[in-house]
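Chemist: I am sharing model01.cif, which consists of mmCIF, C-alpha atoms:
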```cif
data_final
#
loop_
_atom_site.group_PDB
_atom_site.id
_atom_site.type_symbol
_atom_site.label_atom_id
_atom_site.label_comp_id
_atom_site.auth_asym_id
_atom_site.auth_seq_id
_atom_site.Cartn_x
_atom_site.Cartn_y
_atom_site.Cartn_z
ATOM 1 C CA MET A 871 5.845 22.255 -10.274
ATOM 2 C CA ALA A 872 6.239 18.574 -9.348
ATOM 3 C CA THR A 873 5.346 15.694 -11.647
ATOM 4 C CA ILE A 874 3.006 13.004 -10.303
ATOM 5 C CA ASN A 875 2.645 9.845 -12.378
ATOM 6 C CA VAL A 876 -0.646 8.006 -11.792
ATOM 7 C CA LEU A 877 -1.070 4.293 -12.508
ATOM 8 C CA GLY A 878 -4.064 2.043 -11.856
ATOM 9 C CA TYR A 879 -3.734 -1.568 -10.687
ATOM 10 C CA PRO A 880 -7.317 -2.893 -10.958
ATOM 11 C CA SER A 881 -6.716 -6.372 -9.551
ATOM 12 C CA SER A 882 -8.577 -8.278 -6.838
ATOM 13 C CA ALA A 883 -6.894 -11.611 -7.639
ATOM 14 C CA GLY A 884 -5.107 -11.615 -4.277
ATOM 15 C CA ALA A 885 -7.970 -10.060 -2.311
ATOM 16 C CA TYR A 886 -10.687 -11.708 -0.229
ATOM 17 C CA CYS A 887 -13.281 -11.292 -2.974
ATOM 18 C CA VAL A 888 -14.180 -9.061 -5.910
ATOM 19 C CA GLY A 889 -14.592 -5.306 -5.441
ATOM 20 C CA VAL A 890 -11.174 -3.719 -4.988
ATOM 21 C CA GLU A 891 -10.457 -3.957 -8.720
ATOM 22 C CA LEU A 892 -12.976 -1.115 -9.144
ATOM 23 C CA ALA A 893 -10.965 1.305 -6.993
ATOM 24 C CA PRO A 894 -8.777 2.974 -9.654
ATOM 25 C CA ALA A 895 -11.799 4.084 -11.691
ATOM 26 C CA ALA A 896 -13.645 5.204 -8.550
ATOM 27 C CA ILE A 897 -10.772 7.334 -7.270
ATOM 28 C CA ARG A 898 -10.257 8.928 -10.657
ATOM 29 C CA GLY A 899 -14.004 9.561 -10.805
ATOM 30 C CA ALA A 900 -13.790 11.316 -7.438
ATOM 31 C CA GLY A 901 -11.461 13.912 -8.956
ATOM 32 C CA LEU A 902 -7.945 12.642 -8.304
ATOM 33 C CA VAL A 903 -6.298 14.206 -11.335
ATOM 34 C CA ARG A 904 -8.116 17.524 -10.841
ATOM 35 C CA ALA A 905 -7.060 17.624 -7.188
ATOM 36 C CA LEU A 906 -3.418 16.922 -8.026
ATOM 37 C CA GLU A 907 -3.408 19.650 -10.658
ATOM 38 C CA ALA A 908 -5.176 22.105 -8.344
ATOM 39 C CA ALA A 909 -2.391 21.528 -5.800
ATOM 40 C CA GLY A 910 0.092 22.713 -8.403
ATOM 41 C CA HIS A 911 1.383 19.392 -9.698
ATOM 42 C CA ARG A 912 1.915 18.242 -13.251
ATOM 43 C CA VAL A 913 0.055 14.947 -13.754
ATOM 44 C CA ARG A 914 0.875 12.132 -16.139
ATOM 45 C CA ASP A 915 -1.910 9.556 -16.112
ATOM 46 C CA ALA A 916 -0.431 6.253 -17.248
ATOM 47 C CA GLY A 917 -3.860 4.595 -17.295
ATOM 48 C CA ASP A 918 -4.787 1.207 -15.861
ATOM 49 C CA LEU A 919 -3.257 -2.226 -16.150
ATOM 50 C CA PRO A 920 -5.534 -5.150 -17.149
ATOM 51 C CA VAL A 921 -8.457 -5.897 -14.848
ATOM 52 C CA ARG A 922 -8.144 -9.103 -12.830
ATOM 53 C CA ARG A 923 -10.829 -10.415 -10.502
ATOM 54 C CA TRP A 924 -10.741 -12.790 -7.569
ATOM 55 C CA ARG A 925 -12.284 -16.187 -8.088
ATOM 56 C CA PRO A 926 -12.600 -19.174 -5.750
ATOM 57 C CA ASP A 927 -9.396 -21.138 -6.307
ATOM 58 C CA HIS A 928 -10.260 -24.687 -5.304
ATOM 59 C CA GLU A 929 -6.883 -26.055 -6.378
ATOM 60 C CA HIS A 930 -4.922 -23.630 -4.174
ATOM 61 C CA PRO A 931 -7.262 -22.725 -1.309
ATOM 62 C CA LEU A 932 -4.476 -21.473 0.983
ATOM 63 C CA ALA A 933 -2.884 -19.201 -1.640
ATOM 64 C CA GLN A 934 -5.772 -18.108 -3.826
ATOM 65 C CA ASN A 935 -4.955 -17.208 -7.439
ATOM 66 C CA LEU A 936 -1.210 -17.236 -6.804
ATOM 67 C CA ASP A 937 -0.130 -17.672 -10.429
ATOM 68 C CA GLU A 938 -2.408 -14.896 -11.653
ATOM 69 C CA GLU A 939 -1.214 -12.630 -8.854
ATOM 70 C CA VAL A 940 2.430 -13.186 -9.759
ATOM 71 C CA THR A 941 1.697 -12.399 -13.415
ATOM 72 C CA ALA A 942 -0.229 -9.246 -12.488
ATOM 73 C CA LEU A 943 2.499 -7.987 -10.164
ATOM 74 C CA ARG A 944 5.184 -8.519 -12.766
ATOM 75 C CA GLU A 945 3.091 -6.450 -15.178
ATOM 76 C CA LEU A 946 2.829 -3.757 -12.513
ATOM 77 C CA ALA A 947 6.573 -3.774 -11.839
ATOM 78 C CA ALA A 948 7.314 -3.474 -15.556
ATOM 79 C CA ALA A 949 4.863 -0.591 -15.999
ATOM 80 C CA ALA A 950 6.003 1.235 -12.858
ATOM 81 C CA ARG A 951 9.720 0.872 -13.532
ATOM 82 C CA ASP A 952 9.823 3.804 -15.947
ATOM 83 C CA LEU A 953 7.635 5.900 -13.640
ATOM 84 C CA VAL A 954 9.811 5.594 -10.519
ATOM 85 C CA VAL A 955 12.386 8.196 -11.491
ATOM 86 C CA PRO A 956 14.304 10.907 -9.619
ATOM 87 C CA GLY A 957 12.481 14.195 -9.397
ATOM 88 C CA GLU A 958 9.045 12.657 -10.005
ATOM 89 C CA ARG A 959 6.563 10.771 -7.833
ATOM 90 C CA LEU A 960 4.389 7.758 -8.575
ATOM 91 C CA LEU A 961 0.884 7.182 -7.206
ATOM 92 C CA VAL A 962 -0.371 3.624 -7.804
ATOM 93 C CA ILE A 963 -4.041 2.966 -7.118
ATOM 94 C CA GLY A 964 -4.865 -0.694 -6.349
ATOM 95 C CA GLY A 965 -6.315 -3.201 -6.123
ATOM 96 C CA SER A 966 -5.371 -5.485 -3.254
ATOM 97 C CA CYS A 967 -2.506 -4.731 -0.866
ATOM 98 C CA THR A 968 -0.154 -6.898 -2.882
ATOM 99 C CA VAL A 969 0.216 -3.762 -5.031
ATOM 100 C CA ALA A 970 3.035 -2.821 -2.636
ATOM 101 C CA LEU A 971 5.053 -5.802 -3.856
ATOM 102 C CA GLY A 972 4.893 -4.627 -7.452
ATOM 103 C CA LEU A 973 5.941 -1.124 -6.432
ATOM 104 C CA CYS A 974 8.898 -2.488 -4.447
ATOM 105 C CA ALA A 975 9.894 -4.671 -7.402
ATOM 106 C CA ALA A 976 9.890 -1.593 -9.648
ATOM 107 C CA ALA A 977 12.014 0.462 -7.258
ATOM 108 C CA GLY A 978 14.479 -2.296 -6.369
ATOM 109 C CA ARG A 979 16.301 -2.462 -9.682
ATOM 110 C CA ASP A 980 19.889 -1.832 -10.813
ATOM 111 C CA ASP A 981 21.177 -3.123 -7.470
ATOM 112 C CA ALA A 982 18.997 -0.637 -5.579
ATOM 113 C CA GLU A 983 17.120 -1.887 -2.519
ATOM 114 C CA ALA A 984 13.524 -0.961 -1.782
ATOM 115 C CA HIS A 985 12.620 0.751 1.505
ATOM 116 C CA LEU A 986 8.954 0.855 2.538
ATOM 117 C CA VAL A 987 6.697 2.584 5.071
ATOM 118 C CA TYR A 988 3.647 0.312 5.333
ATOM 119 C CA VAL A 989 0.544 2.138 6.586
ATOM 120 C CA ASP A 990 -1.918 -0.510 7.729
ATOM 121 C CA ARG A 991 -4.028 -1.657 10.646
ATOM 122 C CA HIS A 992 -2.539 -5.117 10.094
ATOM 123 C CA LEU A 993 0.951 -6.547 9.662
ATOM 124 C CA ASP A 994 0.209 -8.739 6.608
ATOM 125 C CA LEU A 995 2.846 -11.203 7.799
ATOM 126 C CA ASN A 996 0.747 -14.346 7.425
ATOM 127 C CA THR A 997 1.649 -17.136 5.021
ATOM 128 C CA PRO A 998 -0.236 -20.006 3.393
ATOM 129 C CA ALA A 999 1.161 -22.140 6.209
ATOM 130 C CA SER A 1000 0.122 -19.849 9.089
ATOM 131 C CA THR A 1001 -3.536 -19.178 8.192
ATOM 132 C CA THR A 1002 -6.399 -20.856 6.365
ATOM 133 C CA GLU A 1003 -7.757 -17.559 4.951
ATOM 134 C CA GLY A 1004 -5.996 -17.992 1.624
ATOM 135 C CA SER A 1005 -5.997 -14.266 0.775
ATOM 136 C CA LEU A 1006 -2.599 -13.119 -0.451
ATOM 137 C CA SER A 1007 -3.476 -9.531 0.446
ATOM 138 C CA TRP A 1008 -3.133 -10.583 4.113
ATOM 139 C CA MET A 1009 0.309 -12.031 3.344
ATOM 140 C CA GLY A 1010 2.075 -9.353 1.320
ATOM 141 C CA MET A 1011 4.846 -8.418 3.729
ATOM 142 C CA ALA A 1012 5.543 -12.060 4.635
ATOM 143 C CA HIS A 1013 6.317 -12.637 0.963
ATOM 144 C CA ALA A 1014 8.234 -9.377 0.583
ATOM 145 C CA LEU A 1015 10.491 -10.519 3.435
ATOM 146 C CA GLY A 1016 10.571 -14.183 2.442
ATOM 147 C CA VAL A 1017 9.514 -15.530 5.845
ATOM 148 C CA ASP A 1018 9.173 -19.263 6.437
ATOM 149 C CA GLY A 1019 6.126 -20.727 4.707
ATOM 150 C CA ALA A 1020 5.816 -17.993 2.070
ATOM 151 C CA ALA A 1021 5.106 -19.056 -1.509
ATOM 152 C CA ARG A 1022 8.379 -19.103 -3.416
ATOM 153 C CA GLU A 1023 6.773 -17.816 -6.635
ATOM 154 C CA LEU A 1024 5.834 -14.562 -4.900
ATOM 155 C CA VAL A 1025 8.999 -14.251 -2.801
ATOM 156 C CA GLU A 1026 11.046 -14.390 -6.015
ATOM 157 C CA LEU A 1027 8.827 -11.924 -7.866
ATOM 158 C CA ALA A 1028 11.809 -9.815 -8.961
ATOM 159 C CA GLY A 1029 14.646 -12.309 -8.728
ATOM 160 C CA ALA A 1030 16.206 -14.904 -6.495
ATOM 161 C CA GLY A 1031 15.890 -13.020 -3.212
ATOM 162 C CA PRO A 1032 13.115 -11.327 -1.220
ATOM 163 C CA LEU A 1033 12.048 -7.796 -2.128
ATOM 164 C CA LEU A 1034 12.767 -6.348 1.323
ATOM 165 C CA ARG A 1035 15.211 -6.805 4.147
ATOM 166 C CA PRO A 1036 13.746 -6.488 7.663
ATOM 167 C CA GLY A 1037 15.525 -3.204 8.360
ATOM 168 C CA HIS A 1038 14.042 -1.739 5.192
ATOM 169 C CA LEU A 1039 10.409 -2.082 6.298
ATOM 170 C CA SER A 1040 8.611 -0.006 8.909
ATOM 171 C CA TYR A 1041 4.944 -0.059 9.885
ATOM 172 C CA LEU A 1042 2.669 2.883 10.644
ATOM 173 C CA GLY A 1043 -0.784 2.598 12.232
ATOM 174 C CA VAL A 1044 -0.781 -1.042 13.356
ATOM 175 C CA ASP A 1045 -3.376 -2.306 15.828
ATOM 176 C CA LEU A 1046 -1.555 -5.259 17.366
ATOM 177 C CA GLY A 1047 -4.888 -6.549 18.675
ATOM 178 C CA ALA A 1048 -5.934 -7.104 15.051
ATOM 179 C CA THR A 1049 -2.868 -9.227 14.249
ATOM 180 C CA THR A 1050 -2.178 -12.938 14.647
ATOM 181 C CA ALA A 1051 0.204 -14.549 17.099
ATOM 182 C CA TRP A 1052 2.289 -15.761 14.153
ATOM 183 C CA GLU A 1053 2.650 -12.215 12.856
ATOM 184 C CA ARG A 1054 3.701 -10.842 16.223
ATOM 185 C CA GLU A 1055 6.308 -13.591 16.458
ATOM 186 C CA GLN A 1056 7.735 -12.471 13.106
ATOM 187 C CA VAL A 1057 7.917 -8.863 14.303
ATOM 188 C CA ASP A 1058 9.982 -9.947 17.302
ATOM 189 C CA ALA A 1059 12.155 -12.412 15.391
ATOM 190 C CA LEU A 1060 12.951 -9.970 12.587
ATOM 191 C CA GLY A 1061 13.158 -6.835 14.740
ATOM 192 C CA LEU A 1062 10.614 -4.965 12.613
ATOM 193 C CA ALA A 1063 9.840 -1.333 13.410
ATOM 194 C CA VAL A 1064 6.177 -0.744 14.327
ATOM 195 C CA VAL A 1065 4.548 2.638 14.989
ATOM 196 C CA SER A 1066 1.169 1.921 16.526
ATOM 197 C CA GLN A 1067 -2.356 2.976 15.672
ATOM 198 C CA THR A 1068 -2.498 4.950 18.916
ATOM 199 C CA GLU A 1069 0.630 6.890 17.983
ATOM 200 C CA LEU A 1070 -0.743 7.641 14.516
ATOM 201 C CA VAL A 1071 -4.024 8.960 15.916
ATOM 202 C CA THR A 1072 -2.375 10.971 18.719
ATOM 203 C CA ASP A 1073 0.134 12.820 16.520
ATOM 204 C CA PRO A 1074 -0.041 11.879 12.831
ATOM 205 C CA ALA A 1075 2.917 13.998 11.733
ATOM 206 C CA GLN A 1076 5.201 12.783 14.495
ATOM 207 C CA ALA A 1077 4.156 9.157 13.904
ATOM 208 C CA ALA A 1078 4.938 9.487 10.198
ATOM 209 C CA ARG A 1079 8.355 10.942 10.978
ATOM 210 C CA ALA A 1080 9.059 8.078 13.379
ATOM 211 C CA ALA A 1081 8.157 5.485 10.734
ATOM 212 C CA ARG A 1082 10.398 7.240 8.216
ATOM 213 C CA ARG A 1083 13.315 7.474 10.653
ATOM 214 C CA ALA A 1084 13.148 3.713 11.195
ATOM 215 C CA LEU A 1085 14.305 3.229 7.581
ATOM 216 C CA PRO A 1086 17.803 3.817 6.217
ATOM 217 C CA THR A 1087 18.478 7.109 4.516
ATOM 218 C CA GLY A 1088 17.772 7.252 0.823
ATOM 219 C CA PRO A 1089 14.763 6.681 -1.428
ATOM 220 C CA PHE A 1090 11.674 5.065 0.055
ATOM 221 C CA LEU A 1091 8.115 4.094 -0.838
ATOM 222 C CA VAL A 1092 4.823 4.279 1.043
ATOM 223 C CA HIS A 1093 1.915 1.855 0.921
ATOM 224 C CA VAL A 1094 -1.530 2.672 2.351
ATOM 225 C CA ASP A 1095 -4.144 0.055 3.147
ATOM 226 C CA VAL A 1096 -7.358 2.009 3.648
ATOM 227 C CA ASP A 1097 -8.416 -0.396 6.403
ATOM 228 C CA VAL A 1098 -6.041 1.562 8.646
ATOM 229 C CA LEU A 1099 -8.873 4.116 8.816
ATOM 230 C CA ASP A 1100 -11.790 4.354 11.204
ATOM 231 C CA PHE A 1101 -14.459 2.685 9.074
ATOM 232 C CA ILE A 1102 -17.190 4.903 10.552
ATOM 233 C CA ASP A 1103 -15.319 8.046 9.517
ATOM 234 C CA ALA A 1104 -14.418 6.592 6.127
ATOM 235 C CA PRO A 1105 -16.320 3.461 4.997
ATOM 236 C CA LEU A 1106 -13.866 2.546 2.269
ATOM 237 C CA ALA A 1107 -12.128 -0.703 3.088
ATOM 238 C CA GLU A 1108 -12.715 -4.295 2.086
ATOM 239 C CA ASN A 1109 -12.257 -5.154 5.774
ATOM 240 C CA VAL A 1110 -15.141 -3.511 7.658
ATOM 241 C CA ASN A 1111 -13.978 -4.430 11.174
ATOM 242 C CA GLY A 1112 -12.122 -1.185 11.821
ATOM 243 C CA ARG A 1113 -15.071 0.604 13.386
ATOM 244 C CA ASN A 1114 -14.556 3.494 15.812
ATOM 245 C CA SER A 1115 -10.798 2.988 15.917
ATOM 246 C CA GLY A 1116 -7.942 4.192 13.780
ATOM 247 C CA PRO A 1117 -7.210 7.553 12.178
ATOM 248 C CA THR A 1118 -9.729 9.691 10.378
ATOM 249 C CA LEU A 1119 -9.068 10.553 6.766
ATOM 250 C CA ALA A 1120 -7.969 14.011 7.874
ATOM 251 C CA GLU A 1121 -5.423 12.484 10.263
ATOM 252 C CA LEU A 1122 -4.168 10.108 7.582
ATOM 253 C CA GLY A 1123 -3.766 13.079 5.253
ATOM 254 C CA VAL A 1124 -1.498 14.804 7.763
ATOM 255 C CA ALA A 1125 0.697 11.703 8.042
ATOM 256 C CA LEU A 1126 0.882 11.212 4.269
ATOM 257 C CA GLY A 1127 1.668 14.892 3.758
ATOM 258 C CA GLU A 1128 4.646 14.494 6.064
ATOM 259 C CA LEU A 1129 5.914 11.527 4.030
ATOM 260 C CA TRP A 1130 5.237 13.145 0.646
ATOM 261 C CA ARG A 1131 7.290 16.191 1.674
ATOM 262 C CA ASP A 1132 10.389 14.096 2.188
ATOM 263 C CA PRO A 1133 12.452 14.533 -0.987
ATOM 264 C CA ALA A 1134 13.439 10.844 -0.787
ATOM 265 C CA CYS A 1135 9.838 9.656 -1.207
ATOM 266 C CA LEU A 1136 9.527 7.976 -4.603
ATOM 267 C CA GLY A 1137 5.869 7.067 -4.527
ATOM 268 C CA VAL A 1138 2.752 5.835 -2.791
ATOM 269 C CA SER A 1139 0.492 2.862 -3.439
ATOM 270 C CA VAL A 1140 -3.065 2.428 -2.168
ATOM 271 C CA GLY A 1141 -4.979 -0.803 -1.644
ATOM 272 C CA GLN A 1142 -8.091 -2.553 -0.338
ATOM 273 C CA LEU A 1143 -10.672 0.082 -1.263
ATOM 274 C CA VAL A 1144 -14.165 -1.161 -2.191
ATOM 275 C CA PRO A 1145 -16.236 1.522 -3.975
ATOM 276 C CA ALA A 1146 -19.492 -0.219 -3.007
ATOM 277 C CA HIS A 1147 -18.703 0.501 0.646
ATOM 278 C CA ALA A 1148 -17.729 4.089 -0.159
ATOM 279 C CA ALA A 1149 -21.191 4.618 -1.689
ATOM 280 C CA SER A 1150 -22.607 4.699 1.836
ATOM 281 C CA ASP A 1151 -20.899 8.088 2.412
ATOM 282 C CA PRO A 1152 -20.713 10.360 -0.653
ATOM 283 C CA THR A 1153 -17.968 12.417 1.005
ATOM 284 C CA ALA A 1154 -15.624 9.476 1.597
ATOM 285 C CA LEU A 1155 -13.948 9.239 -1.817
ATOM 286 C CA PRO A 1156 -13.448 13.007 -2.241
ATOM 287 C CA ARG A 1157 -11.930 13.129 1.255
ATOM 288 C CA LEU A 1158 -9.650 10.233 0.358
ATOM 289 C CA VAL A 1159 -8.530 12.096 -2.749
ATOM 290 C CA ALA A 1160 -7.689 15.095 -0.544
ATOM 291 C CA ALA A 1161 -5.725 12.877 1.849
ATOM 292 C CA LEU A 1162 -3.747 11.346 -1.015
ATOM 293 C CA THR A 1163 -2.925 14.667 -2.685
ATOM 294 C CA PRO A 1164 0.640 15.763 -1.920
ATOM 295 C CA PRO A 1165 1.093 19.254 -0.516
ATOM 296 C CA ALA A 1166 2.051 21.909 -3.044
ATOM 297 C CA ASP A 1167 5.718 21.718 -4.000
ATOM 298 C CA ASP A 1168 7.499 24.187 -1.738
ATOM 299 C CA GLY A 1169 10.978 23.296 -2.949
ATOM 300 C CA SER A 1170 11.465 20.470 -0.456
ATOM 301 C CA TRP A 1171 10.862 17.901 -3.225
ATOM 302 C CA ALA A 1172 13.987 18.866 -5.115
#
```
Show me, as structure tokens, the structure contained in the file I just sent.
Modeler:
Amino acid sequence: MATINVLGYPSSAGAYCVGVELAPAAIRGAGLVRALEAAGHRVRDAGDLPVRRWRPDHEHPLAQNLDEEVTALRELAAAARDLVVPGERLLVIGGSCTVALGLCAAAGRDDAEAHLVYVDRHLDLNTPASTTEGSLSWMGMAHALGVDGAARELVELAGAGPLLRPGHLSYLGVDLGATTAWEREQVDALGLAVVSQTELVTDPAQAARAARRALPTGPFLVHVDVDVLDFIDAPLAENVNGRNSGPTLAELGVALGELWRDPACLGVSVGQLVPAHAASDPTALPRLVAALTPPADDGSWA
């Protein structure tokens, strides 16, 4: 029996608007703990961190709510640190996609370096200097890597240096047509590994293995932005532009199952889910829960 620790990060401070802070309660309400236990896992529910909501930040329009986001992510890293332990797994339910930064900060301690498979339609490599959107959730990986123009407060979330090195990040499910020219330039300049949306849809298991192989050996994390999904199949995301493209929830579940089975996988974070959108399809949240549930422990987790 494997142990899954569950932690909620109900923050939309770094999002585009309010809504994603309601995701932890919604996913629990859709039967997450019951599904994990039914799959044969032992569940420790660590509860939710404090709720934080997006607000219009007129003083910092290009990096909305930066100070509050830094505070929230440090709280997340502190809470997750004792839950990222050998032999157990951590499932963090966000919140905006910056949740991945807090998870990386928790894992990258005691001279350890975080490794991350980032499952997303987008690259999230923008900075306050490269876009006028102002949403930090569209900038998470730029800050994790410390690219030019990133806000120093977020780059140094866990210390003096960036959370990730370029070779320790790989992407899964990216639609390059949905990215900015700046982001694509960073991919080329940093030599980042990108497994495309087409590859994920064509063969989810193989695509997941390719994204994992792009990382060094050793412990790694996974982050899932639900906007990687076909919004018509699964109307879950804050970003509703992913219509009729991207993986179905069933296909995402295959890919995540492949990553969960790897004994080096420490945990998974989830971001950008808006329960109000999910209300349009009563099956969407239960299907998401199924996709997030690790396969039964067959001994490969040891």
Chemist: Exactly which residues make up the result of the PyMOL selection byres ((chain A and resi 1064) around 12) on this file, given as a JSON list (two decimals) with C-alpha atoms, keeping the file's coordinate frame?
Modeler:
```json
[["chain", "number", "residue", "atom", "x", "y", "z"],
["A", 987, "VAL", "CA", 6.70, 2.58, 5.07],
["A", 988, "TYR", "CA", 3.65, 0.31, 5.33],
["A", 989, "VAL", "CA", 0.54, 2.14, 6.59],
["A", 990, "ASP", "CA", -1.92, -0.51, 7.73],
["A", 991, "ARG", "CA", -4.03, -1.66, 10.65],
["A", 992, "HIS", "CA", -2.54, -5.12, 10.09],
["A", 993, "LEU", "CA", 0.95, -6.55, 9.66],
["A", 1036, "PRO", "CA", 13.75, -6.49, 7.66],
["A", 1037, "GLY", "CA", 15.52, -3.20, 8.36],
["A", 1039, "LEU", "CA", 10.41, -2.08, 6.30],
["A", 1040, "SER", "CA", 8.61, -0.01, 8.91],
["A", 1041, "TYR", "CA", 4.94, -0.06, 9.88],
["A", 1042, "LEU", "CA", 2.67, 2.88, 10.64],
["A", 1043, "GLY", "CA", -0.78, 2.60, 12.23],
["A", 1044, "VAL", "CA", -0.78, -1.04, 13.36],
["A", 1045, "ASP", "CA", -3.38, -2.31, 15.83],
["A", 1046, "LEU", "CA", -1.56, -5.26, 17.37],
["A", 1054, "ARG", "CA", 3.70, -10.84, 16.22],
["A", 1056, "GLN", "CA", 7.74, -12.47, 13.11],
["A", 1057, "VAL", "CA", 7.92, -8.86, 14.30],
["A", 1058, "ASP", "CA", 9.98, -9.95, 17.30],
["A", 1060, "LEU", "CA", 12.95, -9.97, 12.59],
["A", 1061, "GLY", "CA", 13.16, -6.84, 14.74],
["A", 1062, "LEU", "CA", 10.61, -4.96, 12.61],
["A", 1063, "ALA", "CA", 9.84, -1.33, 13.41],
["A", 1065, "VAL", "CA", 4.55, 2.64, 14.99],
["A", 1066, "SER", "CA", 1.17, 1.92, 16.53],
["A", 1067, "GLN", "CA", -2.36, 2.98, 15.67],
["A", 1068, "THR", "CA", -2.50, 4.95, 18.92],
["A", 1069, "GLU", "CA", 0.63, 6.89, 17.98],
["A", 1070, "LEU", "CA", -0.74, 7.64, 14.52],
["A", 1077, "ALA", "CA", 4.16, 9.16, 13.90],
["A", 1078, "ALA", "CA", 4.94, 9.49, 10.20],
["A", 1080, "ALA", "CA", 9.06, 8.08, 13.38],
["A", 1081, "ALA", "CA", 8.16, 5.48, 10.73],
["A", 1082, "ARG", "CA", 10.40, 7.24, 8.22],
["A", 1083, "ARG", "CA", 13.32, 7.47, 10.65],
["A", 1084, "ALA", "CA", 13.15, 3.71, 11.20],
["A", 1085, "LEU", "CA", 14.30, 3.23, 7.58]]
```
Chemist: Closest to Glu1026 in chain A among A:Ala977, A:Val940, A:Leu1162, A:Leu961, using all atoms listed in the file?
Modeler: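 Closest residue, counting all atoms listed in the file: A:Val940.
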Chemist: For Val890 in chain A, which of A:Ile963, A:Ile874, A:Val921, A:Val1144 is the closest residue, counting only C-alpha atoms?
Modeler: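 Result for the nearest residue to Val890 in chain A: A:Val1144.
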Chemist: Which polymer residues have any atom within 10 Å of an atom of Gly901 in chain A, counting all atoms listed in the file, with same-chain residues fewer than 2 positions away left out, as a PDB file with C-alpha atoms, in the coordinates of the input?
Modeler:
```pdb
ATOM      1  CA  ALA A 896     -13.645   5.204  -8.550  1.00  0.00           C
ATOM      2  CA  ILE A 897     -10.772   7.334  -7.270  1.00  0.00           C
ATOM      3  CA  ARG A 898     -10.257   8.928 -10.657  1.00  0.00           C
ATOM      4  CA  GLY A 899     -14.004   9.561 -10.805  1.00  0.00           C
ATOM      5  CA  VAL A 903      -6.298  14.206 -11.335  1.00  0.00           C
ATOM      6  CA  ARG A 904      -8.116  17.524 -10.841  1.00  0.00           C
ATOM      7  CA  ALA A 905      -7.060  17.624  -7.188  1.00  0.00           C
ATOM      8  CA  LEU A 906      -3.418  16.922  -8.026  1.00  0.00           C
ATOM      9  CA  LEU A1155     -13.948   9.239  -1.817  1.00  0.00           C
ATOM     10  CA  PRO A1156     -13.448  13.007  -2.241  1.00  0.00           C
ATOM     11  CA  VAL A1159      -8.530  12.096  -2.749  1.00  0.00           C
ATOM     12  CA  ALA A1160      -7.689  15.095  -0.544  1.00  0.00           C
TER      13      ALA A1160
END
```
Chemist: Determine the nearest neighbour of Thr968 in chain A from the options A:Asp1095, A:Asp1103, A:Glu1023, A:Glu907, counting only C-alpha atoms.
Modeler: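 Among the listed residues, A:Asp1095 lies closest to Thr968 in chain A.
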Chemist: Choose the residue, out of A:Asp1151, A:Asp927, A:Asp918, A:Asp994, that has the smallest atom-to-atom separation from Glu945 in chain A; count all atoms listed in the file.
Modeler: A:Asp918
Chemist: Using all atoms listed in the file, can you tell me which of A:Ala1146, A:Met1009, A:Val1110, A:Ala1075 comes closest to Gly1127 in chain A?
Modeler: A:Ala1075
Chemist: For a quick check of understanding, using all atoms listed in the file, which of A:Thr1002, A:Thr1087, A:Gln1142, A:Thr1163 has the smallest distance to Leu986 in chain A?
Modeler: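 Under the stated criterion, the closest residue is A:Thr1087.
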Chemist: For this file, the PyMOL selection byres ((chain A and resi 873) around 10) selects which residues, as a PyMOL selection string?
Modeler: chain A and resi 871-872+874-876+906-907+910-914+957-960+1167
Chemist: Report, in Å to a single decimal, how far apart CA of Asp1097 in chain A and CA of Thr941 in chain A are.
Modeler: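 Pair CA of Thr941 in chain A / CA of Asp1097 in chain A returns 25.3 Å.
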Chemist: At a cut-off of 6 Å from (-8.7, 13.6, 2.5) in the coordinates of the file, what residues are picked up using only C-alpha atoms, written as a ChimeraX atom specification?
Modeler: /A:1119-1120,1123,1157-1161
Chemist: Hey, what comes out of the PyMOL selection byres ((chain A and resi 1129-1139) around 7) on this file? Could you write it as a PyMOL selection string?
Modeler: chain A and resi 954+959-963+969-970+1078+1088-1094+1125-1128+1140-1141+1164+1170-1172
Chemist: Counting all atoms listed in the file, note down every residue that has an atom within 6 Å of the point (2.7, 4.8, -14.8) (file coordinates), as a list in words.
Modeler: Asn875, Val876, Leu877, Ala916, Ala949, Ala950 and Leu953 of chain A
Chemist: Quick one: residues within 7 Å of Ser1007 in chain A, only C-alpha atoms counted, chain neighbours fewer than 5 positions away excluded, as a PyMOL selection string?
Modeler: chain A and resi 884-885+966-968
Chemist: Using all atoms listed in the file, which residues sit within 10 Å of His1013 in chain A once same-chain residues fewer than 3 positions away are excluded, as an mmCIF file with C-alpha atoms, in the coordinates of the input?
Modeler:
```
data_model
loop_
_atom_site.group_PDB
_atom_site.id
_atom_site.type_symbol
_atom_site.label_atom_id
_atom_site.label_comp_id
_atom_site.auth_asym_id
_atom_site.auth_seq_id
_atom_site.Cartn_x
_atom_site.Cartn_y
_atom_site.Cartn_z
ATOM 1 C CA THR A 968 -0.154 -6.898 -2.882
ATOM 2 C CA LEU A 971 5.053 -5.802 -3.856
ATOM 3 C CA ASP A 994 0.209 -8.739 6.608
ATOM 4 C CA LEU A 995 2.846 -11.203 7.799
ATOM 5 C CA ASN A 996 0.747 -14.346 7.425
ATOM 6 C CA THR A 997 1.649 -17.136 5.021
ATOM 7 C CA LEU A 1006 -2.599 -13.119 -0.451
ATOM 8 C CA MET A 1009 0.309 -12.031 3.344
ATOM 9 C CA GLY A 1010 2.075 -9.353 1.320
ATOM 10 C CA GLY A 1016 10.571 -14.183 2.442
ATOM 11 C CA VAL A 1017 9.514 -15.530 5.845
ATOM 12 C CA ASP A 1018 9.173 -19.263 6.437
ATOM 13 C CA GLY A 1019 6.126 -20.727 4.707
ATOM 14 C CA ALA A 1020 5.816 -17.993 2.070
ATOM 15 C CA ALA A 1021 5.106 -19.056 -1.509
ATOM 16 C CA ARG A 1022 8.379 -19.103 -3.416
ATOM 17 C CA GLU A 1023 6.773 -17.816 -6.635
ATOM 18 C CA LEU A 1024 5.834 -14.562 -4.900
ATOM 19 C CA VAL A 1025 8.999 -14.251 -2.801
ATOM 20 C CA GLU A 1026 11.046 -14.390 -6.015
ATOM 21 C CA LEU A 1027 8.827 -11.924 -7.866
ATOM 22 C CA PRO A 1032 13.115 -11.327 -1.220
ATOM 23 C CA LEU A 1033 12.048 -7.796 -2.128
ATOM 24 C CA LEU A 1034 12.767 -6.348 1.323
#
```
